[in-house]
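**Q** I'm passing along work.txt; it holds compact mmCIF, C-alpha atoms.
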```
# COMPACT_ATOMS: atom_id res chain seq x y z
CA MET A 1228 -42.35 -3.41 48.79
CA VAL A 1229 -44.13 -0.42 47.36
CA LYS A 1230 -41.08 0.32 45.22
CA LYS A 1231 -41.07 -3.23 43.91
CA ILE A 1232 -44.70 -3.07 42.87
CA TYR A 1233 -44.04 0.26 41.25
CA PHE A 1234 -41.17 -1.04 39.15
CA GLN A 1235 -43.08 -4.17 38.25
CA SER A 1236 -45.99 -2.12 37.02
CA ILE A 1237 -43.59 -0.06 34.92
CA PHE A 1238 -42.09 -3.18 33.37
CA PHE A 1239 -45.48 -4.72 32.64
CA SER A 1240 -46.69 -1.52 31.07
CA PHE A 1241 -43.71 -1.74 28.70
CA PHE A 1242 -44.78 -5.14 27.46
CA PHE A 1243 -48.30 -4.10 26.69
CA ILE A 1244 -47.35 -0.92 24.92
CA LYS A 1245 -44.52 -2.66 23.08
CA GLU A 1246 -46.87 -5.29 21.76
CA ALA A 1247 -49.21 -2.61 20.56
CA PHE A 1248 -46.49 -0.72 18.70
CA ALA A 1249 -44.55 -3.69 17.37
CA ALA A 1250 -47.06 -4.43 14.68
CA GLU A 1251 -46.98 -1.07 12.94
CA SER A 1252 -43.21 -0.46 13.13
CA GLY A 1253 -40.99 -0.78 10.11
CA GLY A 1254 -37.43 0.41 9.46
CA MET A 1255 -35.54 2.34 12.10
CA PRO A 1256 -37.66 3.83 14.87
CA GLN A 1257 -34.82 6.30 15.45
CA LEU A 1258 -35.67 8.08 12.21
CA ASN A 1259 -39.28 8.55 13.13
CA PRO A 1260 -39.49 12.20 14.16
CA GLU A 1261 -42.69 11.79 16.16
CA PHE A 1262 -40.97 12.00 19.57
CA TRP A 1263 -37.86 13.97 18.62
CA ILE A 1264 -39.05 17.15 20.29
CA SER A 1265 -40.04 15.22 23.40
CA GLN A 1266 -36.63 13.51 23.56
CA ILE A 1267 -34.79 16.81 23.11
CA PHE A 1268 -36.93 18.43 25.79
CA TRP A 1269 -36.41 15.65 28.32
CA LEU A 1270 -32.73 15.36 27.49
CA ILE A 1271 -32.15 19.06 28.13
CA LEU A 1272 -34.26 18.96 31.28
CA THR A 1273 -32.63 15.88 32.87
CA PHE A 1274 -29.11 16.61 31.73
CA GLY A 1275 -29.43 20.24 32.77
CA ILE A 1276 -30.67 19.40 36.25
CA MET A 1277 -28.00 16.72 36.65
CA TYR A 1278 -25.28 19.10 35.48
CA LEU A 1279 -26.42 21.82 37.88
CA VAL A 1280 -26.62 19.50 40.88
CA LEU A 1281 -23.31 17.82 40.09
CA SER A 1282 -21.40 21.03 39.43
CA LYS A 1283 -22.86 23.08 42.26
CA LEU A 1284 -23.31 20.54 45.04
CA ILE A 1285 -21.67 17.19 44.55
CA LEU A 1286 -18.41 17.66 42.64
CA PRO A 1287 -17.09 20.46 44.91
CA LYS A 1288 -17.74 18.21 47.88
CA ILE A 1289 -15.85 15.29 46.31
CA SER A 1290 -12.99 17.59 45.37
CA LYS A 1291 -12.90 18.98 48.90
CA ASN A 1292 -12.92 15.46 50.36
CA LEU A 1293 -10.06 14.39 48.12
CA GLU A 1294 -8.06 17.49 48.93
CA SER A 1295 -8.58 17.23 52.67
CA ARG A 1296 -7.59 13.56 52.61
CA LYS A 1297 -4.49 14.39 50.58
CA SER A 1298 -3.47 17.17 52.93
CA GLN A 1299 -4.15 15.05 55.99
CA ILE A 1300 -2.06 12.20 54.63
CA LEU A 1301 0.75 14.61 53.79
CA GLU A 1302 0.54 16.10 57.26
CA ASN A 1303 0.67 12.69 58.86
CA ILE A 1304 3.64 11.67 56.75
CA GLU A 1305 5.41 14.89 57.68
CA ALA A 1306 4.70 14.37 61.36
CA ALA A 1307 5.92 10.79 61.18
CA GLU A 1308 9.10 11.89 59.40
CA LYS A 1309 9.73 14.54 62.01
CA GLN A 1310 9.25 12.09 64.83
CA ARG A 1311 11.62 9.66 63.21
CA GLU A 1312 14.25 12.38 62.89
CA ASP A 1313 13.72 13.33 66.51
CA SER A 1314 14.12 9.78 67.67
CA ASP A 1315 17.24 9.36 65.50
CA ALA A 1316 18.75 12.46 67.05
CA LYS A 1317 17.88 11.26 70.52
CA LEU A 1318 19.39 7.87 69.81
CA LYS A 1319 22.59 9.55 68.67
CA GLU A 1320 22.65 11.70 71.77
CA TYR A 1321 22.11 8.65 73.94
CA ASP A 1322 24.93 6.80 72.19
CA GLU A 1323 27.23 9.75 72.68
CA ILE A 1324 26.37 9.98 76.33
CA ILE A 1325 26.98 6.27 76.79
CA SER A 1326 30.37 6.32 75.07
CA LYS A 1327 31.39 9.47 76.94
CA SER A 1328 30.45 8.02 80.28
CA LYS A 1329 32.30 4.82 79.41
CA LEU A 1330 35.45 6.82 78.73
CA GLU A 1331 34.95 8.78 81.92
CA ALA A 1332 34.47 5.64 83.96
CA ASN A 1333 37.63 4.17 82.44
CA SER A 1334 39.68 7.23 83.25
CA ILE A 1335 38.31 7.41 86.79
CA PHE A 1336 39.15 3.77 87.31
CA ASN A 1337 42.67 4.27 85.99
CA GLN A 1338 43.22 7.33 88.15
CA ALA A 1339 41.96 5.53 91.21
CA ARG A 1340 44.24 2.58 90.52
CA GLU A 1341 47.28 4.79 90.07
CA LYS A 1342 46.49 6.66 93.22
CA VAL A 1343 46.02 3.49 95.19
CA LEU A 1344 49.27 2.08 93.82
CA LYS A 1345 51.09 5.30 94.71
CA ASP A 1346 49.64 5.27 98.22
CA ILE A 1347 50.61 1.67 98.69
CA GLY A 1348 54.17 2.39 97.50
CA ALA A 1349 54.55 5.42 99.78
CA LYS A 1350 53.19 3.54 102.79
CA ARG A 1351 55.44 0.61 102.06
CA GLU A 1352 58.49 2.89 101.86
CA ILE A 1353 57.58 4.52 105.16
CA LEU A 1354 57.05 1.16 106.77
CA ASP A 1355 60.31 -0.14 105.34
CA LYS A 1356 62.17 2.87 106.74
CA GLN A 1357 60.53 2.42 110.13
CA ILE A 1358 61.41 -1.21 110.18
CA ASP A 1359 64.99 -0.45 109.16
CA ASN A 1360 65.27 2.18 111.86
CA GLU A 1361 63.85 -0.07 114.51
CA MET A 1362 66.12 -2.88 113.47
CA ALA A 1363 69.14 -0.55 113.58
CA GLU A 1364 68.16 0.67 117.04
CA ALA A 1365 67.68 -2.84 118.28
CA GLU A 1366 71.04 -3.89 116.93
CA GLU A 1367 72.66 -0.93 118.61
CA GLU A 1368 70.99 -1.80 121.87
CA ILE A 1369 72.10 -5.37 121.54
CA ASP A 1370 75.64 -4.24 120.82
CA ALA A 1371 75.58 -1.90 123.82
CA LEU A 1372 74.22 -4.66 126.01
CA ARG A 1373 76.88 -7.01 124.82
CA LYS A 1374 79.65 -4.52 125.61
CA ASN A 1375 78.19 -3.67 129.02
CA ALA A 1376 77.73 -7.31 129.85
CA ARG A 1377 81.47 -8.04 129.81
CA GLU A 1378 82.30 -5.10 132.03
CA LYS A 1379 79.47 -5.91 134.43
CA ILE A 1380 80.46 -9.56 134.60
CA ASN A 1381 84.06 -8.53 135.13
CA LYS A 1382 82.97 -6.18 137.90
CA ILE A 1383 80.84 -8.87 139.51
CA ALA A 1384 83.68 -11.32 139.21
CA ILE A 1385 86.13 -8.85 140.82
CA GLU A 1386 83.78 -8.03 143.71
CA THR A 1387 82.84 -11.65 144.28
CA SER A 1388 86.41 -12.84 144.21
CA SER A 1389 87.58 -10.02 146.57
CA GLU A 1390 84.86 -10.87 149.08
CA LEU A 1391 85.63 -14.58 148.73
CA LEU A 1392 89.29 -13.92 149.34
CA GLN A 1393 88.50 -11.74 152.40
CA LYS A 1394 86.31 -14.46 153.93
CA LEU A 1395 88.80 -17.23 153.16
CA ILE A 1396 91.96 -15.45 154.02
CA GLY A 1397 90.64 -12.77 156.41
CA ALA A 1398 92.78 -10.09 154.97
CA GLU A 1399 92.24 -7.10 152.76
CA VAL A 1400 93.09 -7.88 149.20
CA ASN A 1401 94.13 -5.29 146.73
CA ASN A 1402 91.25 -4.80 144.34
CA SER A 1403 93.45 -3.68 141.52
CA SER A 1404 95.46 -6.93 141.48
CA ILE A 1405 92.24 -8.96 141.37
CA SER A 1406 90.81 -6.87 138.60
CA ALA A 1407 94.00 -7.33 136.61
CA ILE A 1408 93.67 -11.11 136.98
CA VAL A 1409 89.96 -11.03 136.00
CA GLU A 1410 90.69 -8.87 133.03
CA ASP A 1411 93.36 -11.22 131.96
CA LEU A 1412 91.02 -14.24 132.35
CA SER A 1413 88.16 -12.64 130.61
CA LYS A 1414 90.42 -11.66 127.72
CA ARG A 1415 91.68 -15.19 127.49
CA ASN A 1416 88.27 -16.88 127.79
CA GLY A 1417 86.12 -14.06 126.43
CA ASP A 1418 85.87 -15.65 123.02
CA LYS A 1419 84.63 -18.86 124.62
CA TYR A 1420 81.81 -17.16 126.53
CA TYR A 1421 80.63 -14.55 124.08
CA ASP A 1422 81.46 -16.30 120.83
CA ASN A 1423 82.54 -13.16 119.08
CA MET B 110 -42.08 -11.42 22.19
CA ALA B 111 -41.58 -8.99 19.39
CA ALA B 112 -39.67 -10.70 16.60
CA ASN B 113 -38.51 -7.48 15.00
CA PRO B 114 -35.07 -6.65 16.40
CA MET B 115 -35.72 -2.96 15.85
CA SER B 116 -38.83 -2.85 18.00
CA GLN B 117 -36.66 -2.44 21.11
CA PHE B 118 -35.86 1.07 19.92
CA GLU B 119 -39.51 2.15 19.76
CA VAL B 120 -40.34 5.26 21.70
CA TYR B 121 -43.82 5.32 23.15
CA ARG B 122 -45.82 7.56 25.34
CA ILE B 123 -46.21 6.77 29.03
CA GLY B 124 -49.19 8.56 30.39
CA PRO B 125 -51.10 11.35 28.63
CA GLU B 126 -50.03 13.42 25.67
CA ILE B 127 -48.45 16.70 26.76
CA LYS B 128 -48.36 19.50 24.22
CA VAL B 129 -46.74 22.89 24.51
CA GLY B 130 -47.90 24.88 21.53
CA ALA B 131 -47.24 22.75 18.51
CA PHE B 132 -44.59 20.69 20.30
CA ASP B 133 -45.27 17.26 21.73
CA ILE B 134 -43.24 16.86 24.91
CA SER B 135 -45.03 13.80 26.24
CA PHE B 136 -43.37 11.63 28.86
CA THR B 137 -42.00 8.58 27.04
CA ASN B 138 -39.92 5.54 27.85
CA ALA B 139 -36.89 7.52 26.68
CA SER B 140 -37.72 10.23 29.21
CA LEU B 141 -38.15 7.58 31.90
CA PHE B 142 -34.67 6.18 31.34
CA MET B 143 -33.11 9.61 31.13
CA ILE B 144 -34.63 10.36 34.53
CA LEU B 145 -33.56 6.95 35.90
CA SER B 146 -29.98 7.48 34.75
CA THR B 147 -29.91 10.99 36.15
CA ILE B 148 -31.33 9.93 39.50
CA SER B 149 -28.91 6.99 39.72
CA ILE B 150 -25.95 9.23 38.99
CA LEU B 151 -27.04 11.81 41.54
CA LEU B 152 -27.73 9.10 44.10
CA VAL B 153 -24.40 7.37 43.66
CA PHE B 154 -22.36 10.57 43.78
CA ASN B 155 -24.38 12.09 46.56
CA LEU B 156 -23.84 8.99 48.70
CA GLY B 157 -20.21 8.94 47.65
CA SER B 158 -19.56 12.51 48.75
CA LYS B 159 -21.61 12.62 51.95
CA LYS B 160 -19.11 11.25 54.41
CA ASN B 161 -15.47 12.15 54.28
CA SER B 162 -13.65 9.31 55.97
CA ILE B 163 -9.94 8.77 55.65
CA LEU B 164 -10.58 5.18 54.65
CA PRO B 165 -13.35 5.54 52.05
CA ASN B 166 -16.16 3.03 51.91
CA LYS B 167 -17.08 1.36 48.63
CA ILE B 168 -19.44 3.98 47.28
CA GLN B 169 -17.15 6.83 48.30
CA LEU B 170 -14.27 5.06 46.60
CA LEU B 171 -16.38 4.64 43.46
CA ALA B 172 -17.25 8.35 43.41
CA GLU B 173 -13.70 9.44 44.07
CA LEU B 174 -12.19 7.06 41.52
CA SER B 175 -14.63 8.32 38.88
CA TYR B 176 -13.74 11.87 39.82
CA THR B 177 -9.99 11.31 39.51
CA PHE B 178 -10.45 9.24 36.35
CA VAL B 179 -12.33 12.01 34.53
CA SER B 180 -10.14 14.73 35.98
CA LYS B 181 -7.00 12.93 34.79
CA MET B 182 -8.56 12.34 31.36
CA ILE B 183 -9.26 16.06 30.99
CA SER B 184 -5.88 17.25 32.22
CA ASP B 185 -4.09 14.73 29.99
CA THR B 186 -5.90 15.70 26.80
CA ALA B 187 -6.89 19.35 27.24
CA GLY B 188 -4.45 20.62 29.86
CA SER B 189 -5.08 22.72 32.93
CA LYS B 190 -7.06 25.36 31.03
CA ALA B 191 -9.95 22.92 30.70
CA LYS B 192 -10.58 22.89 34.44
CA PRO B 193 -13.73 25.09 34.29
CA TYR B 194 -15.34 22.55 31.94
CA PHE B 195 -14.66 19.60 34.24
CA ALA B 196 -18.19 19.48 35.62
CA PHE B 197 -19.71 19.43 32.15
CA ILE B 198 -17.45 16.67 30.84
CA PHE B 199 -17.94 14.69 34.03
CA SER B 200 -21.74 14.98 33.66
CA LEU B 201 -21.52 14.08 30.00
CA PHE B 202 -19.39 11.00 30.63
CA MET B 203 -21.57 9.82 33.49
CA PHE B 204 -24.82 10.47 31.60
CA VAL B 205 -23.71 8.56 28.52
CA LEU B 206 -22.20 5.77 30.65
CA PHE B 207 -25.30 5.31 32.78
CA CYS B 208 -27.66 5.46 29.80
CA ASN B 209 -25.53 2.85 28.00
CA MET B 210 -25.37 0.64 31.07
CA PHE B 211 -29.10 0.91 31.76
CA GLY B 212 -29.61 -0.24 28.20
CA MET B 213 -27.75 -3.46 29.02
CA ILE B 214 -30.49 -4.55 31.44
CA PRO B 215 -33.05 -6.73 29.61
CA TYR B 216 -36.36 -5.04 28.70
CA THR B 217 -34.93 -1.58 29.22
CA PHE B 218 -34.63 1.22 26.72
CA THR B 219 -31.28 2.59 25.57
CA VAL B 220 -31.46 6.38 25.47
CA THR B 221 -28.17 6.70 23.60
CA SER B 222 -29.31 4.41 20.80
CA HIS B 223 -31.30 7.32 19.39
CA ILE B 224 -29.60 9.59 16.90
CA ILE B 225 -31.58 12.61 18.03
CA VAL B 226 -30.27 12.31 21.61
CA THR B 227 -26.65 11.81 20.65
CA PHE B 228 -26.92 14.49 18.00
CA VAL B 229 -28.26 17.06 20.42
CA LEU B 230 -25.39 16.30 22.80
CA ALA B 231 -22.83 16.42 19.98
CA ALA B 232 -24.29 19.60 18.50
CA PHE B 233 -24.25 21.27 21.88
CA ILE B 234 -20.59 20.28 22.32
CA PHE B 235 -19.75 21.46 18.80
CA ILE B 236 -21.42 24.84 19.24
CA GLY B 237 -20.00 25.26 22.73
CA VAL B 238 -16.45 24.44 21.63
CA THR B 239 -16.70 26.79 18.64
CA VAL B 240 -17.99 29.61 20.83
CA ILE B 241 -15.19 29.03 23.37
CA GLY B 242 -12.64 29.01 20.56
CA PHE B 243 -13.84 32.32 19.16
CA ILE B 244 -14.01 33.91 22.62
CA LYS B 245 -10.48 32.79 23.50
CA HIS B 246 -8.78 33.56 20.20
CA GLY B 247 -11.15 35.87 18.29
CA PHE B 248 -10.83 35.42 14.55
CA GLY B 249 -7.46 33.84 15.21
CA TYR B 250 -9.43 30.66 15.87
CA LEU B 251 -9.80 30.35 12.09
CA LYS B 252 -6.07 29.50 12.01
CA LEU B 253 -7.27 26.06 13.10
CA PHE B 254 -8.11 25.47 9.45
CA VAL B 255 -4.66 26.50 8.22
CA PRO B 256 -2.09 23.97 9.41
CA SER B 257 1.46 25.26 9.54
CA GLY B 258 4.17 23.86 7.29
CA VAL B 259 1.88 23.12 4.34
CA PRO B 260 3.07 24.08 0.81
CA ALA B 261 1.15 27.08 -0.55
CA VAL B 262 -0.06 25.07 -3.53
CA LEU B 263 -1.84 22.56 -1.33
CA LEU B 264 -3.21 25.14 1.08
CA PRO B 265 -6.65 25.73 -0.53
CA LEU B 266 -7.30 22.00 -0.64
CA ILE B 267 -6.10 21.47 2.93
CA VAL B 268 -8.25 24.33 4.23
CA VAL B 269 -11.33 22.91 2.56
CA ILE B 270 -10.61 19.48 4.01
CA GLU B 271 -10.02 20.94 7.46
CA ILE B 272 -13.31 22.87 7.35
CA ILE B 273 -15.24 19.81 6.23
CA SER B 274 -13.66 17.68 8.96
CA TYR B 275 -14.42 20.35 11.54
CA LEU B 276 -18.05 20.62 10.46
CA SER B 277 -18.48 16.86 10.41
CA ARG B 278 -17.40 16.60 14.04
CA PRO B 279 -20.91 16.65 15.53
CA ILE B 280 -22.08 14.10 12.98
CA SER B 281 -19.19 11.71 13.56
CA LEU B 282 -19.45 12.12 17.31
CA SER B 283 -23.18 11.46 17.43
CA VAL B 284 -23.30 8.73 14.80
CA ARG B 285 -20.42 6.83 16.46
CA LEU B 286 -22.27 6.49 19.74
CA PHE B 287 -25.70 5.94 18.24
CA ALA B 288 -24.54 3.36 15.70
CA ASN B 289 -22.50 1.44 18.25
CA MET B 290 -25.37 1.20 20.68
CA MET B 291 -27.94 0.37 18.03
CA ALA B 292 -25.80 -2.25 16.31
CA GLY B 293 -24.91 -3.98 19.56
CA HIS B 294 -28.45 -4.13 20.82
CA THR B 295 -29.79 -5.26 17.44
CA MET B 296 -27.23 -8.02 17.30
CA MET B 297 -28.11 -9.23 20.77
CA LYS B 298 -31.76 -9.22 19.85
CA VAL B 299 -31.07 -11.18 16.64
CA PHE B 300 -29.06 -13.81 18.50
CA GLY B 301 -31.75 -13.96 21.17
CA GLY B 302 -34.27 -14.58 18.38
CA PHE B 303 -32.12 -17.42 17.04
CA VAL B 304 -32.12 -19.06 20.46
CA ILE B 305 -35.92 -19.08 20.43
CA SER B 306 -36.31 -20.23 16.82
CA LEU B 307 -33.66 -22.99 17.01
CA GLY B 308 -35.14 -24.28 20.26
CA ILE B 309 -33.63 -26.63 22.81
CA VAL B 310 -31.56 -28.56 20.22
CA GLY B 311 -29.76 -25.88 18.22
CA GLY B 312 -30.27 -22.89 20.47
CA TRP B 313 -27.14 -23.42 22.55
CA LEU B 314 -24.72 -21.96 20.00
CA PRO B 315 -26.53 -18.62 19.61
CA LEU B 316 -27.06 -18.59 23.38
CA SER B 317 -23.32 -18.80 23.99
CA PHE B 318 -22.84 -16.05 21.39
CA SER B 319 -25.42 -14.04 23.21
CA VAL B 320 -23.55 -14.44 26.48
CA ALA B 321 -20.27 -13.38 24.86
CA LEU B 322 -22.01 -10.47 23.14
CA THR B 323 -23.41 -9.27 26.46
CA GLY B 324 -19.89 -9.04 27.84
CA LEU B 325 -18.70 -7.29 24.71
CA GLU B 326 -21.61 -4.87 24.81
CA ILE B 327 -20.88 -3.93 28.41
CA LEU B 328 -17.34 -3.16 27.32
CA VAL B 329 -18.64 -1.17 24.35
CA ALA B 330 -21.05 0.71 26.61
CA PHE B 331 -18.14 1.86 28.75
CA LEU B 332 -15.81 2.43 25.84
CA GLN B 333 -18.27 4.56 23.88
CA ALA B 334 -18.94 6.74 26.88
CA TYR B 335 -15.19 7.13 27.30
CA VAL B 336 -14.67 7.89 23.60
CA PHE B 337 -17.50 10.43 23.65
CA ALA B 338 -15.96 12.21 26.63
CA ILE B 339 -12.38 12.08 25.39
CA LEU B 340 -13.33 13.39 21.94
CA THR B 341 -15.08 16.26 23.68
CA CYS B 342 -11.84 16.89 25.56
CA ILE B 343 -9.85 16.84 22.33
CA TYR B 344 -12.22 19.32 20.67
CA LEU B 345 -11.99 21.48 23.78
CA ASN B 346 -8.22 21.27 23.60
CA ASP B 347 -8.31 22.62 20.02
CA ALA B 348 -10.41 25.54 21.20
CA LEU B 349 -8.34 26.31 24.30
CA ASN B 350 -4.80 25.69 23.05
CA LEU B 351 -4.54 26.61 19.39
CA HIS B 352 -1.68 24.42 18.24
CA HIS B 353 -1.83 24.56 14.47
```
Using structure tokens, write down the structure from this file.

**A**
Amino acid sequence: MVKKIYFQSIFFSFFFIKEAFAAESGGMPQLNPEFWISQIFWLILTFGIMYLVLSKLILPKISKNLESRKSQILENIEAAEKQREDSDAKLKEYDEIISKSKLEANSIFNQAREKVLKDIGAKREILDKQIDNEMAEAEEEIDALRKNAREKINKIAIETSSELLQKLIGAEVNNSSISAIVEDLSKRNGDKYYDN
Amino acid sequence: MAANPMSQFEVYRIGPEIKVGAFDISFTNASLFMILSTISILLVFNLGSKKNSILPNKIQLLAELSYTFVSKMISDTAGSKAKPYFAFIFSLFMFVLFCNMFGMIPYTFTVTSHIIVTFVLAAFIFIGVTVIGFIKHGFGYLKLFVPSGVPAVLLPLIVVIEIISYLSRPISLSVRLFANMMAGHTMMKVFGGFVISLGIVGGWLPLSFSVALTGLEILVAFLQAYVFAILTCIYLNDALNLHH
């Protein structure tokens, strides 16, 4: 408010003084040397003070501000660049690790499969052998049983027939003659009973 | 209203008459606007340099753009050797610019429309540049007046022309600024006068001229400050880097 009144008073003072001077002026007021010394004096004074303040106080500050901003921006850009490089390197590393571990996993899987297949093959062979052996043994046993069966039956037949003859006839019968007859019978009918 | 378009250039005393010996150094309207320009410049650049934020605010941006503008102008025209004179050229450019721009406000006084002001500035530049030239190159600075590759027959004539052009530098520098400012302001005043005298019926044409002229004059105000500063740089370049 005070400022406003001040400036207004300055402006109004111009009008009054201007009116007073306007009447007597003629030609170029610039060539009137009345106030030349005053203008030179005030020019040197104001310009000198302004130059001193600007050159000693203000311009160094602006230059320092500009420089510090420049350096800070450069620093930030550098830091950002470095971080980007770091992250790129890390990404590469990560990719390498991933591909390596993929390969490793593949090889482990393959190895495990081969091993399992081998194991299965070996076990199967062993089992096959066992089965073959057992089957051979069983066949042998069966064969043995078959052979023994004839003799045992023959023996039973001989004993039974000798006892039968003793009870029927009441006399001792020669075992050897009976056995010869049984042998002969069994040879004749053996194929019928044992279908060999 | 004063009808005389030249009355806007009157200098008059504000306050009492101050005399130092035989010299009258009274405070005048010219002094007032010199002080106003100076204070505005110091205010703007002080505010613009106070805080140093990474994202500058408007006034800081203004100060820093002006700084880089002038600094680039100097390094482009006078090279890196002109760095010590940066503060002076910056002050000069800002002083002339602000005085010109203050003159664009109605009812104000244009400091730079006075030949004595521009002449003192130009004379100071001329003397300063000449002194710098002689300090840097000794009497070798006089080679400035002898361009290389000129036939010997023409040499006397060329040297005379070169000396005259060198000596007329302060006059051309000061008259250019003073005449531009005075002519522009006189023209605006004349067109303003036409608006009044032609009245509501015919006053529109000069009014539109006046509007256009105001824009033009703002451009001229900037341009003349720029020309003043860049010519100073060119003179400084002659003194620092003797190319002839």

**Q** What residues in chain A have any atom no more than 6 Å from chain B when counting all atoms listed in the file, and can you write them as a PyMOL selection string?

**A** chain A and resi 1249+1256-1257+1265+1269+1278+1282+1289+1292

**Q** Take the residues from that selection and put them in a file with C-alpha atoms, as a PDB file, in the frame of the given file.

**A**
```
ATOM      1  CA  ALA A1249     -44.550  -3.690  17.370  1.00  0.00           C
ATOM      2  CA  PRO A1256     -37.660   3.830  14.870  1.00  0.00           C
ATOM      3  CA  GLN A1257     -34.820   6.300  15.450  1.00  0.00           C
ATOM      4  CA  SER A1265     -40.040  15.220  23.400  1.00  0.00           C
ATOM      5  CA  TRP A1269     -36.410  15.650  28.320  1.00  0.00           C
ATOM      6  CA  TYR A1278     -25.280  19.100  35.480  1.00  0.00           C
ATOM      7  CA  SER A1282     -21.400  21.030  39.430  1.00  0.00           C
ATOM      8  CA  ILE A1289     -15.850  15.290  46.310  1.00  0.00           C
ATOM      9  CA  ASN A1292     -12.920  15.460  50.360  1.00  0.00           C
TER      10      ASN A1292
END
```

**Q** Expressed in Å to a single decimal, how great is the separation between CA of Leu322 in chain B and CA of Leu282 in chain B?

**A**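 CA of Leu322 in chain B sits 23.5 Å away from CA of Leu282 in chain B.
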
**Q** Leaving out range 265-274 of chain B and any residue of its chain fewer than 5 positions from it, which residues lie within 9 Å of it when counting all atoms listed in the file, given as a list in words?

**A**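 That gives Leu253, Phe254, Val255, Pro256 and Val259 of chain B.
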
**Q** List as a PyMOL selection string: which residues have an atom within 10 Å of (-31.4, -13.1, 20.0), counting only C-alpha atoms?

**A** chain B and resi 112+114+294-306+312+315-316+318-319

**Q** Quick check, in Å to one decimal: how far apart do CA of Ser184 in chain B and CA of Leu332 in chain B lie?

**A**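 Computing it gives 18.9 Å between the two atoms.
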
**Q** Might you pull out every residue within 12 Å of Lys1382 in chain A, with only C-alpha atoms counted and same-chain residues fewer than 3 positions away left off, and present them as a PDB file with C-alpha atoms, in the frame of the given file?

**A**
```
ATOM      1  CA  ASN A1375      78.190  -3.670 129.020  1.00  0.00           C
ATOM      2  CA  ALA A1376      77.730  -7.310 129.850  1.00  0.00           C
ATOM      3  CA  ARG A1377      81.470  -8.040 129.810  1.00  0.00           C
ATOM      4  CA  GLU A1378      82.300  -5.100 132.030  1.00  0.00           C
ATOM      5  CA  LYS A1379      79.470  -5.910 134.430  1.00  0.00           C
ATOM      6  CA  ILE A1385      86.130  -8.850 140.820  1.00  0.00           C
ATOM      7  CA  GLU A1386      83.780  -8.030 143.710  1.00  0.00           C
ATOM      8  CA  THR A1387      82.840 -11.650 144.280  1.00  0.00           C
ATOM      9  CA  SER A1388      86.410 -12.840 144.210  1.00  0.00           C
ATOM     10  CA  SER A1389      87.580 -10.020 146.570  1.00  0.00           C
ATOM     11  CA  ASN A1402      91.250  -4.800 144.340  1.00  0.00           C
ATOM     12  CA  SER A1403      93.450  -3.680 141.520  1.00  0.00           C
ATOM     13  CA  ILE A1405      92.240  -8.960 141.370  1.00  0.00           C
ATOM     14  CA  SER A1406      90.810  -6.870 138.600  1.00  0.00           C
ATOM     15  CA  ALA A1407      94.000  -7.330 136.610  1.00  0.00           C
ATOM     16  CA  ILE A1408      93.670 -11.110 136.980  1.00  0.00           C
ATOM     17  CA  VAL A1409      89.960 -11.030 136.000  1.00  0.00           C
ATOM     18  CA  GLU A1410      90.690  -8.870 133.030  1.00  0.00           C
ATOM     19  CA  SER A1413      88.160 -12.640 130.610  1.00  0.00           C
TER      20      SER A1413
END
```

**Q** Just want the 8 Å neighbourhood of range 231-242 of chain B, counted on all atoms listed in the file, with same-chain residues fewer than 6 positions away dropped. Output as a VMD selection string.

**A** chain B and resid 250 278 to 280 282 to 283 341 344 to 345 347 to 349

**Q** I need the residue nearest Ser281 in chain B from this list: B:Leu340, B:Leu314, B:Leu325, B:Leu263. Use all atoms listed in the file for the distance.

**A**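 Nearest to Ser281 in chain B: B:Leu340.
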